file data20.cif (mmCIF, C-alpha atoms)
data_work
#
loop_
_atom_site.label_atom_id
_atom_site.label_comp_id
_atom_site.auth_asym_id
_atom_site.auth_seq_id
_atom_site.Cartn_x
_atom_site.Cartn_y
_atom_site.Cartn_z
CA MET A 2 0.00 0.00 0.00
CA SER A 3 1.49 3.34 -1.06
CA ASN A 4 2.03 6.13 1.46
CA LEU A 5 -0.49 8.31 -0.39
CA VAL A 6 -3.19 5.65 -0.04
CA LYS A 7 -2.34 5.19 3.65
CA ARG A 8 -2.61 8.92 4.23
CA ALA A 9 -5.97 9.04 2.48
CA ILE A 10 -7.46 6.07 4.34
CA PHE A 11 -6.26 6.86 7.85
CA GLY A 12 -6.72 10.59 7.38
CA SER A 13 -10.35 9.95 6.45
CA LEU A 14 -10.80 7.75 9.52
CA TYR A 15 -9.44 10.51 11.76
CA VAL A 16 -11.69 13.12 10.18
CA GLY A 17 -14.65 10.75 10.46
CA LEU A 18 -14.08 10.24 14.19
CA ILE A 19 -13.88 13.97 14.82
CA LEU A 20 -17.03 14.67 12.81
CA ALA A 21 -18.85 11.85 14.60
CA ALA A 22 -17.88 13.34 17.96
CA LEU A 23 -19.15 16.77 16.96
CA LEU A 24 -22.22 15.97 14.88
CA LEU A 25 -23.82 12.87 16.40
CA HIS A 26 -24.76 14.73 19.60
CA GLU A 27 -23.76 11.66 21.59
CA HIS A 28 -22.02 12.60 24.83
CA LEU A 29 -20.25 9.23 25.08
CA VAL A 30 -18.83 9.45 21.55
CA TYR A 31 -17.52 12.95 22.20
CA MET A 32 -15.89 11.94 25.48
CA ILE A 33 -14.29 8.80 24.01
CA VAL A 34 -12.85 10.57 20.95
CA PHE A 35 -11.53 13.60 22.81
CA GLY A 36 -10.45 11.48 25.76
CA LEU A 37 -8.31 9.44 23.36
CA LEU A 38 -6.84 12.65 21.94
CA ALA A 39 -5.94 13.79 25.47
CA PHE A 40 -4.48 10.42 26.51
CA LEU A 41 -2.47 9.74 23.35
CA GLY A 42 -1.38 13.37 22.99
CA THR A 43 -0.01 13.45 26.54
CA TRP A 44 1.62 10.03 26.09
CA GLU A 45 3.34 11.19 22.91
CA TRP A 46 4.45 14.41 24.59
CA SER A 47 6.12 12.36 27.35
CA ASN A 48 7.87 10.22 24.75
CA LEU A 49 8.82 13.24 22.69
CA VAL A 50 10.52 15.10 25.53
CA SER A 51 11.79 11.89 27.20
CA THR A 52 10.16 12.10 30.61
CA HIS A 53 10.20 9.14 33.00
CA ARG A 54 12.27 6.98 30.69
CA LEU A 55 12.79 4.46 33.49
CA PHE A 56 9.20 4.58 34.74
CA PRO A 57 6.74 4.19 31.82
CA LEU A 58 3.88 3.63 34.28
CA ARG A 59 4.13 7.30 35.23
CA ARG A 60 3.47 8.22 31.61
CA ILE A 61 0.21 6.31 31.87
CA PHE A 62 -0.67 8.21 35.04
CA ASP A 63 0.14 11.55 33.38
CA ALA A 64 -1.94 10.68 30.31
CA THR A 65 -4.82 9.50 32.50
CA ALA A 66 -4.63 12.75 34.48
CA ALA A 67 -5.01 14.71 31.24
CA VAL A 68 -8.12 12.68 30.40
CA TYR A 69 -9.52 13.35 33.87
CA LEU A 70 -8.86 17.08 33.43
CA PHE A 71 -10.77 17.00 30.16
CA TRP A 72 -13.70 15.16 31.79
CA ALA A 73 -13.77 17.46 34.83
CA THR A 74 -13.77 20.64 32.76
CA HIS A 75 -16.53 19.18 30.58
CA GLU A 76 -18.68 18.61 33.66
CA ILE A 77 -18.06 22.17 34.84
CA ALA A 78 -18.82 23.64 31.41
CA ASP A 79 -21.96 21.51 31.10
CA LYS A 80 -23.40 21.70 34.63
CA GLY A 81 -22.03 24.91 36.09
CA ILE A 82 -19.25 26.31 38.24
CA GLU A 83 -20.66 24.57 41.32
CA TYR A 84 -19.07 21.41 39.93
CA ALA A 85 -15.59 22.95 40.15
CA ALA A 86 -14.87 20.54 43.01
CA PHE A 87 -14.26 17.91 40.33
CA LEU A 88 -10.89 19.60 39.79
CA VAL A 89 -9.73 18.78 43.33
CA PRO A 90 -8.51 15.24 42.47
CA TYR A 91 -6.57 16.66 39.53
CA ALA A 92 -4.98 19.28 41.78
CA GLY A 93 -4.15 16.45 44.16
CA TYR A 94 -2.34 14.60 41.39
CA LEU A 95 -0.29 17.67 40.54
CA LEU A 96 0.61 18.09 44.23
CA TYR A 97 1.59 14.43 44.35
CA ILE A 98 4.09 14.72 41.50
CA LEU A 99 5.47 17.91 43.03
CA VAL A 100 6.00 16.24 46.41
CA ARG A 101 7.35 13.09 44.76
CA SER A 102 9.98 15.16 43.00
CA ILE A 103 11.40 16.29 46.37
CA TYR A 104 12.41 12.73 47.15
CA SER A 105 14.00 12.04 43.79
CA GLU A 106 17.76 11.84 43.64
CA ARG A 107 17.92 12.22 39.88
CA GLN A 108 19.55 15.43 38.72
CA ALA A 109 17.15 15.54 35.78
CA MET A 110 14.06 15.68 38.00
CA PRO A 111 13.53 19.50 37.87
CA THR A 112 13.65 19.38 34.08
CA ASP A 113 11.40 16.32 33.90
CA LEU A 114 8.96 17.93 36.31
CA ALA A 115 8.73 21.04 34.15
CA LYS A 116 8.13 18.87 31.07
CA VAL A 117 5.32 16.95 32.81
CA ILE A 118 3.55 20.07 34.11
CA PHE A 119 3.86 21.79 30.74
CA GLY A 120 2.51 18.68 28.99
CA GLN A 121 -0.55 18.77 31.23
CA ILE A 122 -1.19 22.41 30.29
CA TYR A 123 -0.29 22.05 26.62
CA VAL A 124 -2.33 18.93 25.87
CA GLY A 125 -4.87 18.38 28.65
CA GLY A 126 -5.45 22.04 29.47
CA PHE A 127 -5.64 23.48 25.96
CA LEU A 128 -7.70 20.56 24.66
CA SER A 129 -10.15 21.04 27.54
CA ILE A 130 -11.05 24.45 26.12
CA ALA A 131 -13.06 22.53 23.52
CA ASN A 132 -15.61 21.95 26.29
CA ILE A 133 -16.47 25.65 26.27
CA PHE A 134 -17.78 25.32 22.73
CA TYR A 135 -19.26 21.83 22.87
CA THR A 136 -22.90 20.92 23.38
CA ASP A 137 -24.35 17.43 22.98
CA THR A 138 -27.82 18.76 22.08
CA ASP A 139 -26.95 20.84 19.03
CA THR A 140 -24.26 21.15 16.38
CA SER A 141 -21.13 22.57 18.02
CA ILE A 142 -20.74 25.12 15.25
CA ILE A 143 -17.75 27.02 16.70
CA LEU A 144 -15.87 23.82 17.46
CA LEU A 145 -16.79 22.36 14.08
CA THR A 146 -15.61 25.57 12.40
CA ILE A 147 -12.28 25.41 14.21
CA PHE A 148 -11.62 21.88 12.99
CA VAL A 149 -12.79 22.44 9.43
CA SER A 150 -10.89 25.73 9.14
CA ILE A 151 -7.70 24.10 10.42
CA TRP A 152 -8.07 21.36 7.82
CA ALA A 153 -8.77 23.96 5.14
CA ASN A 154 -5.73 25.94 6.31
CA ASP A 155 -3.50 22.87 6.07
CA THR A 156 -4.82 22.00 2.61
CA GLY A 157 -4.56 25.56 1.29
CA ALA A 158 -1.06 25.95 2.70
CA TYR A 159 0.08 22.68 1.14
CA LEU A 160 -1.36 23.45 -2.31
CA ALA A 161 -0.11 27.03 -2.41
CA GLY A 162 3.24 26.18 -0.86
CA SER A 163 3.97 23.23 -3.15
CA THR A 164 3.10 25.16 -6.32
CA LEU A 165 4.02 28.77 -5.52
CA GLY A 166 6.28 28.58 -2.48
CA ARG A 167 9.44 30.64 -2.89
CA HIS A 168 9.92 32.64 0.31
CA LYS A 169 10.61 30.69 3.51
CA LEU A 170 8.30 31.40 6.43
CA PHE A 171 10.46 30.09 9.28
CA PRO A 172 13.40 28.12 7.86
CA SER A 173 15.12 27.51 11.22
CA VAL A 174 12.06 25.61 12.49
CA SER A 175 10.23 24.29 9.41
CA PRO A 176 12.23 24.64 6.19
CA LYS A 177 9.34 23.55 3.95
CA LYS A 178 6.87 26.23 5.04
CA SER A 179 6.62 29.34 2.88
CA TRP A 180 4.88 32.70 3.02
CA GLU A 181 2.98 31.76 -0.12
CA GLY A 182 1.74 28.63 1.65
CA PHE A 183 0.76 30.68 4.69
CA VAL A 184 -1.29 33.06 2.55
CA GLY A 185 -2.93 30.14 0.74
CA GLY A 186 -3.86 28.57 4.08
CA LEU A 187 -5.13 31.89 5.41
CA ILE A 188 -7.45 32.37 2.45
CA ALA A 189 -8.75 28.79 2.72
CA ALA A 190 -9.39 29.16 6.47
CA VAL A 191 -11.24 32.47 5.99
CA VAL A 192 -13.43 30.93 3.27
CA ALA A 193 -14.20 27.86 5.40
CA THR A 194 -15.06 30.05 8.38
CA GLY A 195 -17.27 32.27 6.24
CA LEU A 196 -19.17 29.28 4.87
CA LEU A 197 -19.81 27.84 8.33
CA LEU A 198 -20.30 30.93 10.50
CA GLY A 199 -21.42 33.47 7.91
CA TRP A 200 -19.32 35.96 6.00
CA GLU A 201 -19.74 38.67 8.63
CA GLN A 202 -17.67 36.47 10.96
CA CYS A 203 -15.13 35.21 8.45
CA TYR A 204 -12.45 37.28 10.21
CA ILE A 205 -12.32 34.53 12.84
CA GLY A 206 -10.67 32.47 10.10
CA VAL A 207 -7.68 34.82 10.31
CA ILE A 208 -7.29 34.02 14.03
CA ILE A 209 -7.62 30.30 13.30
CA SER A 210 -5.05 30.36 10.48
CA ILE A 211 -2.44 32.31 12.44
CA ALA A 212 -2.91 30.23 15.61
CA ALA A 213 -2.85 26.97 13.62
CA THR A 214 0.41 27.98 11.96
CA TRP A 215 1.98 28.87 15.31
CA GLY A 216 0.82 25.56 16.77
CA ASP A 217 2.37 23.63 13.92
CA LEU A 218 5.60 25.61 14.16
CA PHE A 219 5.78 25.06 17.93
CA GLU A 220 5.60 21.29 17.61
CA SER A 221 8.07 21.41 14.70
CA MET A 222 10.45 23.30 16.98
CA VAL A 223 10.12 20.66 19.71
CA LYS A 224 10.56 17.76 17.27
CA ARG A 225 13.54 19.47 15.66
CA SER A 226 15.17 19.96 19.05
CA VAL A 227 14.98 16.23 19.82
CA GLY A 228 15.75 15.09 16.27
CA VAL A 229 12.53 13.31 15.29
CA LYS A 230 10.24 13.71 12.28
CA ASP A 231 6.94 12.69 13.89
CA SER A 232 5.56 12.71 17.42
CA GLY A 233 4.52 9.07 17.00
CA ASN A 234 3.35 6.50 14.47
CA ILE A 235 -0.17 5.65 15.61
CA ILE A 236 -1.73 7.05 12.41
CA PRO A 237 -0.03 5.38 9.40
CA GLY A 238 1.09 7.94 6.87
CA HIS A 239 0.39 10.84 9.24
CA GLY A 240 2.58 10.25 12.29
CA GLY A 241 1.24 10.71 15.78
CA ILE A 242 -1.78 12.29 17.42
CA LEU A 243 0.21 15.40 18.34
CA ASP A 244 1.05 15.81 14.67
CA ARG A 245 -2.71 15.97 14.00
CA ILE A 246 -3.75 18.21 16.90
CA ASP A 247 -0.78 20.55 17.30
CA SER A 248 -2.63 23.31 15.43
CA LEU A 249 -5.80 22.64 17.43
CA LEU A 250 -3.99 23.00 20.76
CA PHE A 251 -3.02 26.56 19.86
CA THR A 252 -6.22 27.49 18.04
CA LEU A 253 -8.64 26.62 20.85
CA PRO A 254 -7.20 29.05 23.44
CA PHE A 255 -6.64 31.81 20.86
CA VAL A 256 -10.21 31.64 19.57
CA ALA A 257 -11.63 31.39 23.10
CA PHE A 258 -9.62 34.43 24.21
CA PHE A 259 -10.58 36.42 21.12
CA LEU A 260 -14.29 35.68 21.57
CA TRP A 261 -14.05 36.53 25.28
CA VAL A 262 -12.46 39.91 24.46
CA LEU A 263 -15.12 40.54 21.81
CA TYR A 264 -17.93 39.58 24.20
CA THR A 265 -16.49 41.76 26.98
CA TYR A 266 -16.15 44.71 24.61
CA GLN A 267 -19.76 44.34 23.51
CA LEU A 268 -20.95 44.22 27.13
CA ILE A 269 -19.03 47.38 27.95
CA HIS A 270 -20.21 49.09 24.77
CA LEU A 271 -23.86 48.24 25.49
CA ALA A 272 -23.68 49.26 29.16
#
call {"tool": "encode", "arguments": {"input": "data20.cif", "output": "C-alpha cells"}}
result
Amino acid sequence: MSNLVKRAIFGSLYVGLILAALLLHEHLVYMIVFGLLAFLGTWEWSNLVSTHRLFPLRRIFDATAAVYLFWATHEIADKGIEYAAFLVPYAGYLLYILVRSIYSERQAMPTDLAKVIFGQIYVGGFLSIANIFYTDTDTSIILLTIFVSIWANDTGAYLAGSTLGRHKLFPSVSPKKSWEGFVGGLIAAVVATGLLLGWEQCYIGVIISIAATWGDLFESMVKRSVGVKDSGNIIPGHGGILDRIDSLLFTLPFVAFFLWVLYTYQLIHLA
C-alpha cells in the first residue's frame, strides 16, 4: 500500500471520528474521541521530551490525568461552576508529582517535572477548552468551524506552498513552510469560516489560520530539538496524534480568548 493511499485512508478515519464526535450529539462518543486525543497526545508528549524513561507507568498516570482534566472541565462547562470541586482530584495529582519530585535523587528531575507540568497544560489544558464550545444537544458550530478551518488551512497551505512557495516562512524551524503557503492557508481558512459561520464572521478564520500555523511551528520546533520527524506512528502515513492536533492546541485558546475579548467589549459598549 502506497504512502499516499495510507494517508488518504487513515486521514479519512481521523476526520470521520472527529465529525462523529461533533455531529452525532452523543455525549459518550464525544468523550471517548476527545479522551483518546488527550491520553495519546499526553503520552506522545512524554515520549517526545523523554520524561520518565525508566518509569513508563508514570506516563500512563500523566496521560490518565489529562483525560480526567478534560472530563472534569466538561462537567463544569456543562453543569455549572458549582461542579468545580471535580478539579480537586486533579490538583491532588499535581501536588503528588510535586512532592514526589522532592524525594527524587535524579539530577534531571527539575527538568522532567517542568516537562510533565507543561505537557498537562499544553495537551490536557488546551484541549479542555473545547468543552467551552461543545454541546451534545446541538451542532457545536464554533468547534466544528475550528476543525474544518484548520483542515482547510492545512490544505490551502500545502497546495499554495507546493506550487508557488518561494519565500521561507520560518526556515530555522520548518524549512518547507513558505509565506505563499501561509497566505494560501489563510485564504482557505477564511473561506471555510465564512461558509460555516457566515461571511460577517469570516475574520475569525484569520485568528484560526495564524494560531494553527503557530501551533504547527511550535511542535516542529520541539521535534527538531529532539531530532525526530513525527511525534509518533499511531496514524499510518500521518505520524502521531500530536502531529494531527498541534494546530488545534493553539487554536482553541486563541479563539476562546478572542471571543471573550469581543464579548467583553460588547458588554461594555452596550452598558
call {"tool": "resolve_selection", "arguments": {"input": "data20.cif", "expression": "the PyMOL selection byres ((chain A and resi 129) around 9)", "output": "count of residues only"}}
result
19
call {"tool": "resolve_selection", "arguments": {"input": "data20.cif", "expression": "the PyMOL selection byres ((chain A and resi 185) around 12)", "output": "number ranges by chain"}}
result
A: 153-166, 178-184, 186-192, 207, 210-211, 214
call {"tool": "residues_around", "arguments": {"input": "data20.cif", "residues": "Leu198 (chain A)", "least_positions_apart": "6", "cutoff": "9 Å", "atoms": "all atoms listed in the file", "output": "PyMOL selection string"}}
result
chain A and resi 142-143+146
call {"tool": "resolve_selection", "arguments": {"input": "data20.cif", "expression": "the PyMOL selection byres ((chain A and resi 62) around 12)", "output": "count of residues only"}}
result
26
call {"tool": "closest_residue", "arguments": {"input": "data20.cif", "among": "A:Leu99, A:Leu196, A:Val50, A:Ile209", "to": "Arg225 (chain A)", "atoms": "only C-alpha atoms"}}
result
A:Val50
call {"tool": "atom_distance", "arguments": {"input": "data20.cif", "atom1": "CA of Asp79 (chain A)", "atom2": "CA of Leu249 (chain A)"}}
result
21.2 Å
call {"tool": "atom_distance", "arguments": {"input": "data20.cif", "atom1": "CA of Ala21 (chain A)", "atom2": "CA of Lys80 (chain A)"}}
result
22.8 Å
call {"tool": "atom_distance", "arguments": {"input": "data20.cif", "atom1": "CA of Arg245 (chain A)", "atom2": "CA of Met110 (chain A)"}}
result
29.3 Å
call {"tool": "closest_residue", "arguments": {"input": "data20.cif", "among": "A:Gln267, A:Ser226, A:Gly241, A:Ile236", "to": "Gly12 (chain A)", "atoms": "all atoms listed in the file"}}
result
A:Ile236
call {"tool": "residues_around", "arguments": {"input": "data20.cif", "residues": "Ser248 (chain A)", "least_positions_apart": "5", "cutoff": "7 Å", "atoms": "only C-alpha atoms", "output": "PyMOL selection string"}}
result
chain A and resi 212-214+216-217
call {"tool": "residues_around", "arguments": {"input": "data20.cif", "residues": "Asp137 (chain A)", "least_positions_apart": "5", "cutoff": "6 Å", "atoms": "all atoms listed in the file", "output": "number ranges by chain"}}
result
A: 26-28
call {"tool": "residues_near_point", "arguments": {"input": "data20.cif", "point": "(-17.6, 25.4, 16.1)", "cutoff": "10 Å", "atoms": "all atoms listed in the file", "output": "JSON, numbers by chain"}}
result
{"A": [23, 131, 134, 135, 140, 141, 142, 143, 144, 145, 146, 147, 148, 149, 150, 194, 197, 198]}
call {"tool": "closest_residue", "arguments": {"input": "data20.cif", "among": "A:Leu14, A:Leu260, A:Ile103, A:Ala86", "to": "Gln202 (chain A)", "atoms": "all atoms listed in the file"}}
result
A:Leu260
call {"tool": "decode", "arguments": {"input": "data20.cif", "residues": "region 7-26 of chain A", "atoms": "N, CA and C atoms", "output": "compact mmCIF listing (two decimals), in the first residue's frame"}}
result
# COMPACT_ATOMS: atom_id res chain seq x y z
N LYS A 7 -2.29 5.25 2.19
CA LYS A 7 -2.34 5.19 3.65
C LYS A 7 -2.81 6.52 4.22
N ARG A 8 -2.24 7.60 3.73
CA ARG A 8 -2.61 8.92 4.23
C ARG A 8 -4.09 9.18 3.98
N ALA A 9 -4.57 8.80 2.82
CA ALA A 9 -5.97 9.04 2.48
C ALA A 9 -6.91 8.24 3.37
N ILE A 10 -6.59 6.95 3.56
CA ILE A 10 -7.46 6.07 4.34
C ILE A 10 -7.49 6.48 5.81
N PHE A 11 -6.31 6.59 6.41
CA PHE A 11 -6.26 6.86 7.85
C PHE A 11 -6.59 8.32 8.15
N GLY A 12 -6.30 9.20 7.22
CA GLY A 12 -6.72 10.59 7.38
C GLY A 12 -8.23 10.71 7.38
N SER A 13 -8.88 9.96 6.51
CA SER A 13 -10.35 9.95 6.45
C SER A 13 -10.95 9.38 7.72
N LEU A 14 -10.31 8.33 8.27
CA LEU A 14 -10.80 7.75 9.52
C LEU A 14 -10.71 8.76 10.66
N TYR A 15 -9.60 9.48 10.72
CA TYR A 15 -9.44 10.51 11.76
C TYR A 15 -10.50 11.59 11.64
N VAL A 16 -10.68 12.09 10.42
CA VAL A 16 -11.69 13.12 10.18
C VAL A 16 -13.08 12.59 10.52
N GLY A 17 -13.35 11.34 10.16
CA GLY A 17 -14.65 10.75 10.46
C GLY A 17 -14.93 10.67 11.94
N LEU A 18 -13.91 10.31 12.73
CA LEU A 18 -14.08 10.24 14.19
C LEU A 18 -14.37 11.61 14.77
N ILE A 19 -13.66 12.62 14.31
CA ILE A 19 -13.88 13.97 14.82
C ILE A 19 -15.29 14.45 14.47
N LEU A 20 -15.69 14.24 13.24
CA LEU A 20 -17.03 14.67 12.81
C LEU A 20 -18.11 13.91 13.57
N ALA A 21 -17.88 12.63 13.83
CA ALA A 21 -18.85 11.85 14.60
C ALA A 21 -18.98 12.42 16.01
N ALA A 22 -17.85 12.79 16.61
CA ALA A 22 -17.88 13.34 17.96
C ALA A 22 -18.62 14.66 18.03
N LEU A 23 -18.55 15.44 16.95
CA LEU A 23 -19.15 16.77 16.96
C LEU A 23 -20.59 16.80 16.45
N LEU A 24 -20.94 15.88 15.57
CA LEU A 24 -22.22 15.97 14.88
C LEU A 24 -23.27 14.96 15.33
N LEU A 25 -22.86 13.89 15.99
CA LEU A 25 -23.82 12.87 16.40
C LEU A 25 -24.61 13.27 17.65
N HIS A 26 -24.12 14.28 18.36
CA HIS A 26 -24.76 14.73 19.60
C HIS A 26 -24.84 13.62 20.64
